[in-house]
$ cat structure_5.txt   # compact mmCIF, C-alpha atoms
# COMPACT_ATOMS: atom_id res chain seq x y z
CA MET A 21 18.10 -2.11 8.43
CA HIS A 22 14.88 -2.98 6.65
CA GLU A 23 15.36 -6.39 8.28
CA TRP A 24 14.51 -4.71 11.60
CA ALA A 25 10.94 -4.03 10.44
CA LEU A 26 10.55 -7.67 9.38
CA ALA A 27 12.01 -8.84 12.71
CA GLU A 28 9.39 -6.77 14.53
CA ALA A 29 6.70 -8.48 12.46
CA VAL A 30 8.13 -11.93 13.33
CA ILE A 31 8.23 -11.10 17.05
CA SER A 32 4.68 -9.77 16.94
CA ALA A 33 3.39 -12.85 15.08
CA ALA A 34 5.34 -15.28 17.33
CA SER A 35 4.01 -13.54 20.45
CA GLY A 36 0.48 -13.86 19.06
CA ALA A 37 1.02 -17.57 18.32
CA ALA A 38 2.44 -18.15 21.83
CA GLU A 39 -0.57 -16.44 23.35
CA LYS A 40 -2.94 -18.55 21.26
CA GLU A 41 -1.17 -21.79 22.25
CA GLY A 42 -1.13 -20.80 25.90
CA PHE A 43 2.68 -20.98 26.18
CA ARG A 44 4.21 -19.69 29.38
CA GLU A 45 7.58 -19.50 27.66
CA VAL A 46 8.66 -19.84 24.01
CA THR A 47 11.66 -22.10 23.43
CA GLU A 48 12.06 -22.10 19.66
CA VAL A 49 10.94 -19.98 16.69
CA ARG A 50 11.58 -21.25 13.18
CA ILE A 51 11.63 -18.74 10.34
CA ARG A 52 11.98 -19.17 6.60
CA VAL A 53 13.37 -16.36 4.48
CA GLY A 54 13.01 -16.37 0.73
CA GLU A 55 16.11 -15.88 -1.38
CA LEU A 56 14.31 -13.40 -3.67
CA GLN A 57 14.20 -10.73 -0.98
CA GLN A 58 17.93 -11.06 -0.20
CA ILE A 59 17.41 -10.74 3.55
CA GLU A 60 20.69 -10.49 5.43
CA GLN A 61 20.27 -13.32 7.91
CA ASP A 62 22.81 -12.05 10.44
CA VAL A 63 21.11 -8.64 10.48
CA LEU A 64 17.69 -10.29 10.89
CA MET A 65 19.07 -12.47 13.70
CA PHE A 66 20.65 -9.45 15.41
CA ALA A 67 17.33 -7.57 15.23
CA LEU A 68 15.40 -10.58 16.60
CA GLN A 69 17.80 -10.84 19.55
CA GLN A 70 17.46 -7.12 20.26
CA ILE A 71 13.67 -6.99 20.04
CA LYS A 72 12.66 -10.29 21.70
CA LYS A 73 10.81 -9.75 24.93
CA ALA A 74 8.49 -11.28 27.53
CA LYS A 75 7.67 -14.90 26.64
CA LEU A 76 10.25 -14.89 23.84
CA GLU A 77 13.13 -13.75 26.07
CA SER A 78 14.92 -17.13 26.04
CA ALA A 79 13.66 -18.37 22.67
CA GLU A 80 16.10 -19.79 20.14
CA PHE A 81 15.58 -18.46 16.62
CA LYS A 82 16.29 -20.77 13.70
CA ILE A 83 16.42 -19.24 10.22
CA GLU A 84 16.35 -21.27 7.02
CA GLU A 85 16.53 -19.99 3.46
CA ALA A 86 14.31 -21.06 0.57
CA ARG A 87 15.64 -20.81 -2.99
CA ALA A 88 13.63 -18.44 -5.16
CA ARG A 89 11.92 -20.54 -7.80
CA MET A 90 9.92 -18.89 -10.59
CA LYS A 91 7.43 -20.39 -13.01
CA CYS A 92 6.44 -18.65 -16.24
CA ARG A 93 2.69 -18.37 -16.66
CA ALA A 94 3.05 -18.00 -20.41
CA CYS A 95 5.25 -21.01 -21.32
CA GLY A 96 5.44 -22.98 -18.06
CA HIS A 97 9.25 -22.79 -17.82
CA THR A 98 10.63 -22.90 -14.26
CA TRP A 99 13.90 -21.37 -13.17
CA ILE A 100 15.93 -20.31 -10.13
CA PHE A 101 16.35 -16.58 -9.45
CA ASN A 102 19.90 -15.41 -10.06
CA LYS A 103 20.69 -11.98 -8.68
CA LYS A 104 24.08 -11.91 -10.40
CA LYS A 105 22.33 -11.16 -13.67
CA LEU A 106 20.75 -7.98 -12.26
CA ASP A 107 22.06 -4.49 -11.45
CA GLU A 108 22.70 -3.77 -7.79
CA SER A 109 19.96 -1.10 -7.76
CA VAL A 110 17.45 -3.64 -9.07
CA VAL A 111 18.47 -6.22 -6.45
CA GLU A 112 17.97 -3.53 -3.80
CA ALA A 113 14.52 -2.60 -5.16
CA ILE A 114 13.51 -6.29 -5.05
CA HIS A 115 14.89 -6.47 -1.50
CA PHE A 116 12.33 -3.89 -0.36
CA VAL A 117 9.35 -4.92 -2.51
CA PRO A 118 9.91 -8.36 -4.09
CA GLU A 119 6.97 -7.86 -6.47
CA VAL A 120 8.91 -5.24 -8.44
CA ALA A 121 10.84 -8.23 -9.78
CA HIS A 122 8.04 -8.24 -12.36
CA ALA A 123 9.40 -4.92 -13.66
CA TYR A 124 12.92 -6.28 -14.20
CA VAL A 125 12.91 -10.09 -14.45
CA LYS A 126 11.69 -11.95 -17.53
CA CYS A 127 11.25 -15.63 -18.28
CA PRO A 128 14.64 -16.76 -19.62
CA LYS A 129 12.89 -18.98 -22.17
CA CYS A 130 10.11 -16.83 -23.66
CA GLY A 131 10.80 -13.34 -22.25
CA SER A 132 7.43 -12.94 -20.49
CA PRO A 133 7.24 -10.90 -17.27
CA ASP A 134 4.13 -12.87 -16.31
CA PHE A 135 5.64 -15.34 -13.87
CA GLU A 136 4.81 -16.72 -10.48
CA VAL A 137 7.22 -16.82 -7.54
CA VAL A 138 6.53 -20.43 -6.61
CA GLU A 139 8.83 -20.39 -3.61
CA GLY A 140 11.30 -18.12 -1.88
CA ARG A 141 9.47 -14.80 -1.76
CA GLY A 142 9.49 -13.31 1.73
CA VAL A 143 9.66 -14.05 5.44
CA TRP A 144 7.52 -16.79 6.99
CA LEU A 145 6.96 -17.95 10.51
CA LEU A 146 7.23 -21.75 10.31
CA SER A 147 6.67 -22.80 13.89
CA VAL A 148 6.67 -21.64 17.47
CA LYS A 149 7.50 -24.13 20.23
CA GLY A 150 7.13 -23.51 23.93
CA VAL A 151 6.20 -24.80 27.35
CA LYS A 152 2.76 -24.47 28.87
CA MET B 56 3.34 -21.31 7.82
CA VAL B 57 2.23 -17.89 9.01
CA ASP B 58 2.83 -14.60 7.22
CA PRO B 59 4.19 -12.50 10.09
CA ARG B 60 3.75 -9.16 8.29
CA THR B 61 0.01 -8.81 8.82
CA SER B 62 0.41 -8.81 12.60
CA ILE B 63 2.42 -5.57 12.56
CA VAL B 64 0.30 -3.46 10.16
CA ASN B 65 -1.87 -1.70 12.75
CA GLU B 66 1.18 -1.09 14.96
CA ARG B 67 2.76 0.75 12.02
CA LEU B 68 -0.37 2.89 11.60
CA LYS B 69 -1.09 3.61 15.25
CA GLY B 70 0.32 7.16 15.15
CA ILE B 71 -2.14 8.20 12.42
CA ARG B 72 -5.40 9.88 13.39
CA ARG B 73 -7.38 9.24 10.19
CA ILE B 74 -6.70 6.84 7.32
CA ILE B 75 -8.73 7.77 4.25
CA ALA B 76 -8.86 5.60 1.14
CA VAL B 77 -9.83 7.67 -1.91
CA SER B 78 -11.66 5.11 -3.97
CA GLY B 79 -14.41 4.85 -6.55
CA GLY B 80 -14.26 1.63 -8.45
CA LYS B 81 -14.00 3.05 -11.96
CA GLY B 82 -10.76 4.32 -13.46
CA GLY B 83 -10.45 7.86 -14.80
CA VAL B 84 -12.86 9.53 -12.37
CA GLY B 85 -10.14 11.69 -10.78
CA LYS B 86 -9.20 9.70 -7.68
CA SER B 87 -5.47 10.37 -7.97
CA LEU B 88 -5.94 14.04 -8.78
CA PHE B 89 -8.33 14.43 -5.85
CA ALA B 90 -6.06 12.49 -3.46
CA SER B 91 -2.97 14.50 -4.49
CA THR B 92 -4.73 17.87 -4.25
CA PHE B 93 -6.37 16.91 -0.96
CA ALA B 94 -2.97 15.98 0.52
CA LEU B 95 -1.41 19.24 -0.71
CA ILE B 96 -4.26 21.32 0.72
CA LEU B 97 -4.24 19.58 4.11
CA ALA B 98 -0.45 20.01 4.35
CA ARG B 99 -0.71 23.73 3.48
CA LYS B 100 -3.33 24.10 6.21
CA GLY B 101 -0.74 22.83 8.68
CA PHE B 102 -1.95 19.27 9.14
CA ARG B 103 0.55 16.40 9.31
CA VAL B 104 -0.19 14.40 6.18
CA GLY B 105 0.94 11.30 4.33
CA LEU B 106 0.04 10.30 0.78
CA PHE B 107 0.42 6.67 -0.28
CA ASP B 108 -0.12 5.73 -3.93
CA LEU B 109 -1.60 2.24 -3.90
CA ASP B 110 -2.11 1.98 -7.64
CA PHE B 111 0.94 -0.25 -8.07
CA THR B 112 0.47 -1.12 -11.72
CA SER B 113 -0.43 2.40 -12.90
CA PRO B 114 0.82 4.90 -10.31
CA SER B 115 0.16 8.51 -11.24
CA THR B 116 0.31 10.75 -8.16
CA HIS B 117 4.07 11.28 -8.71
CA THR B 118 3.27 12.63 -12.20
CA ILE B 119 0.46 14.86 -10.93
CA LEU B 120 2.72 16.26 -8.21
CA GLY B 121 5.94 16.39 -10.24
CA VAL B 122 7.83 14.19 -7.78
CA GLN B 123 11.41 13.66 -8.90
CA ASP B 124 14.65 12.41 -7.38
CA LEU B 125 13.13 11.32 -4.10
CA GLN B 126 13.99 8.12 -2.26
CA PRO B 127 12.83 6.74 1.09
CA ARG B 128 15.36 6.46 3.90
CA GLU B 129 16.13 3.05 5.38
CA GLU B 130 15.98 3.08 9.15
CA LYS B 131 14.54 0.07 10.91
CA GLY B 132 12.15 -0.05 7.94
CA ILE B 133 11.33 2.54 5.31
CA ILE B 134 10.90 6.24 6.13
CA PRO B 135 8.90 8.00 3.38
CA PRO B 136 10.53 11.17 2.06
CA GLN B 137 8.94 14.59 2.54
CA PHE B 138 7.40 16.28 -0.48
CA GLN B 139 5.76 19.71 -0.29
CA GLY B 140 5.19 19.33 3.44
CA PHE B 141 3.81 15.79 3.49
CA GLU B 142 5.20 12.26 3.60
CA TYR B 143 4.98 10.65 0.19
CA MET B 144 5.16 6.95 -0.63
CA SER B 145 4.86 5.23 -3.99
CA ILE B 146 6.07 2.01 -5.61
CA ILE B 147 7.84 4.16 -8.22
CA TYR B 148 10.79 4.44 -5.82
CA TYR B 149 11.42 0.80 -6.64
CA SER B 150 9.83 0.18 -10.04
CA GLY B 151 10.88 3.47 -11.68
CA ASP B 152 9.32 3.99 -15.11
CA HIS B 153 9.21 0.26 -15.85
CA ALA B 154 5.92 -1.49 -16.54
CA THR B 155 5.14 -3.59 -13.48
CA PRO B 156 2.60 -6.26 -14.44
CA LEU B 157 1.14 -7.64 -11.23
CA ARG B 158 -1.53 -10.22 -10.68
CA GLY B 159 -3.89 -9.99 -7.73
CA ALA B 160 -1.76 -12.02 -5.32
CA ASP B 161 1.28 -9.89 -6.21
CA VAL B 162 -0.66 -6.66 -5.56
CA SER B 163 -1.71 -8.08 -2.22
CA ASN B 164 1.85 -9.08 -1.32
CA ALA B 165 3.32 -5.70 -2.30
CA LEU B 166 0.63 -3.89 -0.31
CA ILE B 167 1.17 -6.01 2.82
CA GLU B 168 4.95 -5.64 2.49
CA LEU B 169 4.77 -1.85 2.32
CA LEU B 170 2.16 -1.58 5.07
CA SER B 171 4.42 -3.64 7.33
CA ILE B 172 7.76 -1.95 6.65
CA VAL B 173 6.87 1.73 6.04
CA ARG B 174 7.24 3.79 9.21
CA TRP B 175 4.94 6.78 8.90
CA GLY B 176 5.41 9.65 11.31
CA LYS B 177 2.72 10.95 13.64
CA LEU B 178 0.07 12.05 11.15
CA ASP B 179 -3.33 13.70 11.20
CA TYR B 180 -4.23 12.19 7.83
CA LEU B 181 -2.94 9.34 5.71
CA ILE B 182 -4.48 9.60 2.24
CA LEU B 183 -4.49 6.38 0.21
CA ASP B 184 -4.85 6.72 -3.54
CA MET B 185 -6.65 3.53 -4.48
CA PRO B 186 -6.44 1.62 -7.76
CA PRO B 187 -9.60 1.20 -9.85
CA GLY B 188 -11.72 -1.85 -9.20
CA ILE B 189 -12.89 -3.61 -6.08
CA GLY B 190 -9.96 -5.98 -5.91
CA ASP B 191 -7.10 -7.07 -3.73
CA ALA B 192 -6.02 -3.61 -2.53
CA THR B 193 -9.53 -2.76 -1.34
CA LEU B 194 -10.09 -6.14 0.29
CA ASP B 195 -6.68 -6.13 1.99
CA LEU B 196 -7.22 -2.66 3.43
CA ILE B 197 -10.61 -3.70 4.77
CA ARG B 198 -9.07 -6.88 6.22
CA LEU B 199 -5.93 -5.36 7.71
CA VAL B 200 -6.42 -1.69 8.53
CA GLU B 201 -8.68 -1.37 11.56
CA ARG B 202 -9.60 2.32 11.21
CA ILE B 203 -9.92 2.58 7.43
CA GLU B 204 -12.46 5.08 6.04
CA PHE B 205 -13.46 5.39 2.38
CA LEU B 206 -14.10 8.54 0.39
CA ILE B 207 -15.75 7.71 -2.92
CA VAL B 208 -15.03 9.78 -6.02
CA THR B 209 -17.27 9.46 -9.06
CA THR B 210 -18.38 11.43 -12.13
CA PRO B 211 -21.86 12.40 -13.42
CA SER B 212 -21.74 9.20 -15.51
CA GLN B 213 -24.29 6.53 -14.66
CA LEU B 214 -21.65 3.97 -15.66
CA ALA B 215 -19.28 5.22 -12.97
CA PHE B 216 -22.08 5.36 -10.44
CA GLU B 217 -23.03 1.74 -11.08
CA THR B 218 -19.60 0.82 -9.68
CA VAL B 219 -20.09 3.21 -6.76
CA LYS B 220 -23.26 1.30 -5.85
CA ARG B 221 -21.34 -1.98 -5.80
CA LEU B 222 -18.47 -0.53 -3.77
CA ALA B 223 -20.83 1.16 -1.31
CA GLY B 224 -22.78 -2.09 -0.92
CA LEU B 225 -19.60 -4.00 -0.13
CA LEU B 226 -18.38 -1.41 2.38
CA GLN B 227 -21.76 -1.21 4.08
CA THR B 228 -21.98 -4.99 4.30
CA MET B 229 -18.55 -5.10 5.89
CA ARG B 230 -19.42 -2.21 8.24
CA ILE B 231 -16.65 0.03 6.93
CA ARG B 232 -17.09 3.78 7.39
CA VAL B 233 -17.83 5.66 4.17
CA ILE B 234 -17.24 9.39 4.54
CA GLY B 235 -19.31 10.16 1.48
CA VAL B 236 -19.35 10.70 -2.27
CA VAL B 237 -17.67 13.44 -4.30
CA GLU B 238 -19.03 14.07 -7.79
CA ASN B 239 -16.11 15.12 -9.96
CA MET B 240 -16.01 16.52 -13.54
CA LYS B 241 -19.47 18.02 -13.29
CA PHE B 242 -20.37 19.70 -16.58
CA ALA B 243 -24.16 20.11 -16.60
CA HIS B 244 -26.77 20.84 -13.99
CA SER B 245 -28.21 17.62 -12.65
CA ASP B 246 -28.86 16.33 -9.17
CA THR B 247 -29.07 12.68 -10.20
CA ILE B 248 -25.83 11.59 -8.47
CA GLN B 249 -26.69 13.59 -5.35
CA ARG B 250 -30.14 11.97 -5.15
CA GLU B 251 -28.83 8.48 -5.83
CA THR B 252 -26.06 8.91 -3.24
CA LYS B 253 -28.65 9.75 -0.62
CA THR B 254 -30.72 6.74 -1.69
CA LEU B 255 -27.70 4.59 -0.86
CA GLY B 256 -27.69 6.08 2.62
CA LEU B 257 -24.41 7.91 2.01
CA ALA B 258 -23.45 11.56 2.51
CA PHE B 259 -23.06 13.67 -0.63
CA ILE B 260 -19.88 15.67 0.06
CA GLY B 261 -20.26 17.92 -2.98
CA GLU B 262 -19.52 18.40 -6.65
CA ILE B 263 -16.43 19.62 -8.50
CA PRO B 264 -17.00 21.32 -11.85
CA PHE B 265 -15.09 20.01 -14.87
CA ASP B 266 -11.90 22.07 -15.03
CA THR B 267 -10.64 22.40 -18.61
CA GLY B 268 -7.31 23.85 -17.46
CA ILE B 269 -6.33 20.97 -15.16
CA GLU B 270 -4.17 19.15 -17.72
CA GLU B 271 -1.86 22.17 -17.93
CA THR B 272 -1.06 21.87 -14.22
CA ILE B 273 0.18 18.28 -14.27
CA GLY B 274 3.55 18.18 -12.51
CA LYS B 275 3.24 21.76 -11.23
CA THR B 276 1.78 21.88 -7.74
CA ASP B 277 1.64 25.70 -7.49
CA LYS B 278 -0.42 25.86 -10.67
CA LEU B 279 -2.60 22.97 -9.50
CA LEU B 280 -3.40 24.76 -6.25
CA ASP B 281 -4.41 27.84 -8.27
CA THR B 282 -7.17 26.01 -10.17
CA ALA B 283 -10.93 26.11 -9.63
CA PHE B 284 -10.60 22.35 -9.02
CA ALA B 285 -8.28 22.90 -6.03
CA GLU B 286 -10.47 25.71 -4.70
CA LYS B 287 -13.42 23.34 -4.71
CA VAL B 288 -11.39 20.53 -3.05
CA LYS B 289 -10.44 23.06 -0.35
CA GLN B 290 -14.14 23.73 0.34
CA LEU B 291 -15.03 20.03 0.34
CA ALA B 292 -12.11 19.23 2.68
CA LEU B 293 -14.05 20.97 5.45
CA LYS B 294 -16.76 18.29 5.15
CA ILE B 295 -14.29 15.40 5.21
$ encode --input "structure_5.txt" --output "structure tokens"
Amino acid sequence: MHEWALAEAVISAASGAAEKEGFREVTEVRIRVGELQQIEQDVLMFALQQIKKAKLESAEFKIEEARARMKCRACGHTWIFNKKKLDESVVEAIHFVPEVAHAYVKCPKCGSPDFEVVEGRGVWLLSVKGVK
Amino acid sequence: MVDPRTSIVNERLKGIRRIIAVSGGKGGVGKSLFASTFALILARKGFRVGLFDLDFTSPSTHTILGVQDLQPREEKGIIPPQFQGFEYMSIIYYSGDHATPLRGADVSNALIELLSIVRWGKLDYLILDMPPGIGDATLDLIRLVERIEFLIVTTPSQLAFETVKRLAGLLQTMRIRVIGVVENMKFAHSDTIQRETKTLGLAFIGEIPFDTGIEETIGKTDKLLDTAFAEKVKQLALKI
């Protein structure tokens, strides 16, 4: 339930945003989760529902997923992360700390581990809507 | 888009009385050895301690301590495993023995990820073994960890101390507490580092003589604690 820790971070950040905007009540929270981290969306949603409190009590959470897109810094090749090519233990390690992908994933064209995760790394708070 | 992780970092660390980053700028001055021995000594004294290896590209505390076959537990986050009476966290649980080439932004991301998902227990001390350099890890800790304190380790070398001056200047400018300076690997009588430390307005915690037998203790904590090095760290711990 590592998703629980991320859900707590989302709730904390959304509460902060609501406070900043002066919302009396939050109606919608949009979240983007990157494919690289292999977040289980139903677990994340369950955690969000369990943790939500105060101004977020009746908020609707919308989760979208971003494909994990890598770009090699050595040859410029871009590719989509494919977990099927990796051992389960490696996928799990990347789930906890996505940056360890650099220990296991190489550019499929030139073999360099020096790549950039252009999109689809972690969890992002996209927007918080509410009523003032 | 907002990164939600940074908003939870201080919540994760709220049960910790003191958070000490063992830093120094230069590599090879003995930061990891000091941090590991310091954690061992504090734990043996009965304090509740955590040790977090933040040198993600070249972690070494697990080698110094002989950590093997440990894994964190997953429970609403990551619970660091116990080792020799303290909580121990390192990226090696995930990267193993593989080379992990990380650029600055990746170091920053890995650090924020772990700070936001690791659930430390109620601790008296969290010791952070810092990577060399004044880079992303240092700047992120200053930015994100409200009660961070720095302990600077250096050697009698003027080259190492040049980096200490830069680090101390940065920390002072940013109003970050510096506990003081430890002079490690002392091999000849000289009070140059002590004098220069005081000139910087910092406390000189003390010196640790060069211990020729230390290499033999790598991976063996009982032997490490038997060294003159550890005896000296024990004395200096009283001033920290």
$ residues_around --input "structure_5.txt" --residues "B:Lys177" --least-positions-apart "4" --cutoff "10 Å" --atoms "only C-alpha atoms" --output "NGL selection string"
:B and (68-72 or 103-105 or 181)
$ closest_residue --input "structure_5.txt" --among "A:Ile114, A:Ala86, A:Ala123, A:Ile100" --to "chain B" --atoms "all atoms listed in the file"
A:Ala123
$ residues_around --input "structure_5.txt" --residues "B:Ile74" --least-positions-apart "6" --cutoff "7 Å" --atoms "all atoms listed in the file" --output "list of chain:residue names"
B:Tyr180, B:Leu181, B:Ile182, B:Arg202, B:Ile203, B:Glu204
$ interface_residues --input "structure_5.txt" --of "chain B" --to "chain A" --cutoff "10 Å" --atoms "only C-alpha atoms" --output "VMD selection string"
chain B and resid 56 to 64 66 to 67 111 to 112 128 to 133 146 to 158 160 to 169 171 to 174
$ atom_distance --input "structure_5.txt" --atom1 "atom CA of B:Thr267" --atom2 "atom CA of B:His117"
20.9 Å
$ axis_aligned_box --input "structure_5.txt" --around "stretch 31-47 of chain A" --padding-each-side "6 Å" --output "AutoDock Vina command-line options"
--center_x 4.4 --center_y -15.9 --center_z 22.2 --size_x 26.6 --size_y 24.3 --size_z 26.3
$ closest_residue --input "structure_5.txt" --among "A:Val63, A:Val148, A:Ala94, A:Val49" --to "A:Phe81" --atoms "only C-alpha atoms"
A:Val49
$ atom_distance --input "structure_5.txt" --atom1 "atom CA of B:Ala292" --atom2 "atom CA of B:Phe93"
7.2 Å
$ residues_around --input "structure_5.txt" --residues "B:Pro187" --least-positions-apart "5" --cutoff "12 Å" --atoms "all atoms listed in the file" --output "ChimeraX atom specification"
/B:76-87,109-114,192-193,207-209,215,218-219,222
$ atom_distance --input "structure_5.txt" --atom1 "atom CA of A:Gly150" --atom2 "atom CA of A:Ala74"
12.8 Å
$ closest_residue --input "structure_5.txt" --among "B:Leu226, B:Glu217, B:Gly235, B:Arg73" --to "B:Leu194" --atoms "only C-alpha atoms"
B:Leu226
$ closest_residue --input "structure_5.txt" --among "B:Gln227, B:Gln290, B:Ser91, B:Ser212" --to "B:Glu142" --atoms "only C-alpha atoms"
B:Ser91
$ residues_around --input "structure_5.txt" --residues "stretch 247-255 of chain B" --least-positions-apart "3" --cutoff "9 Å" --atoms "all atoms listed in the file" --output "PyMOL selection string"
chain B and resi 209-213+216+219-220+223-224+235-236+238+258-262
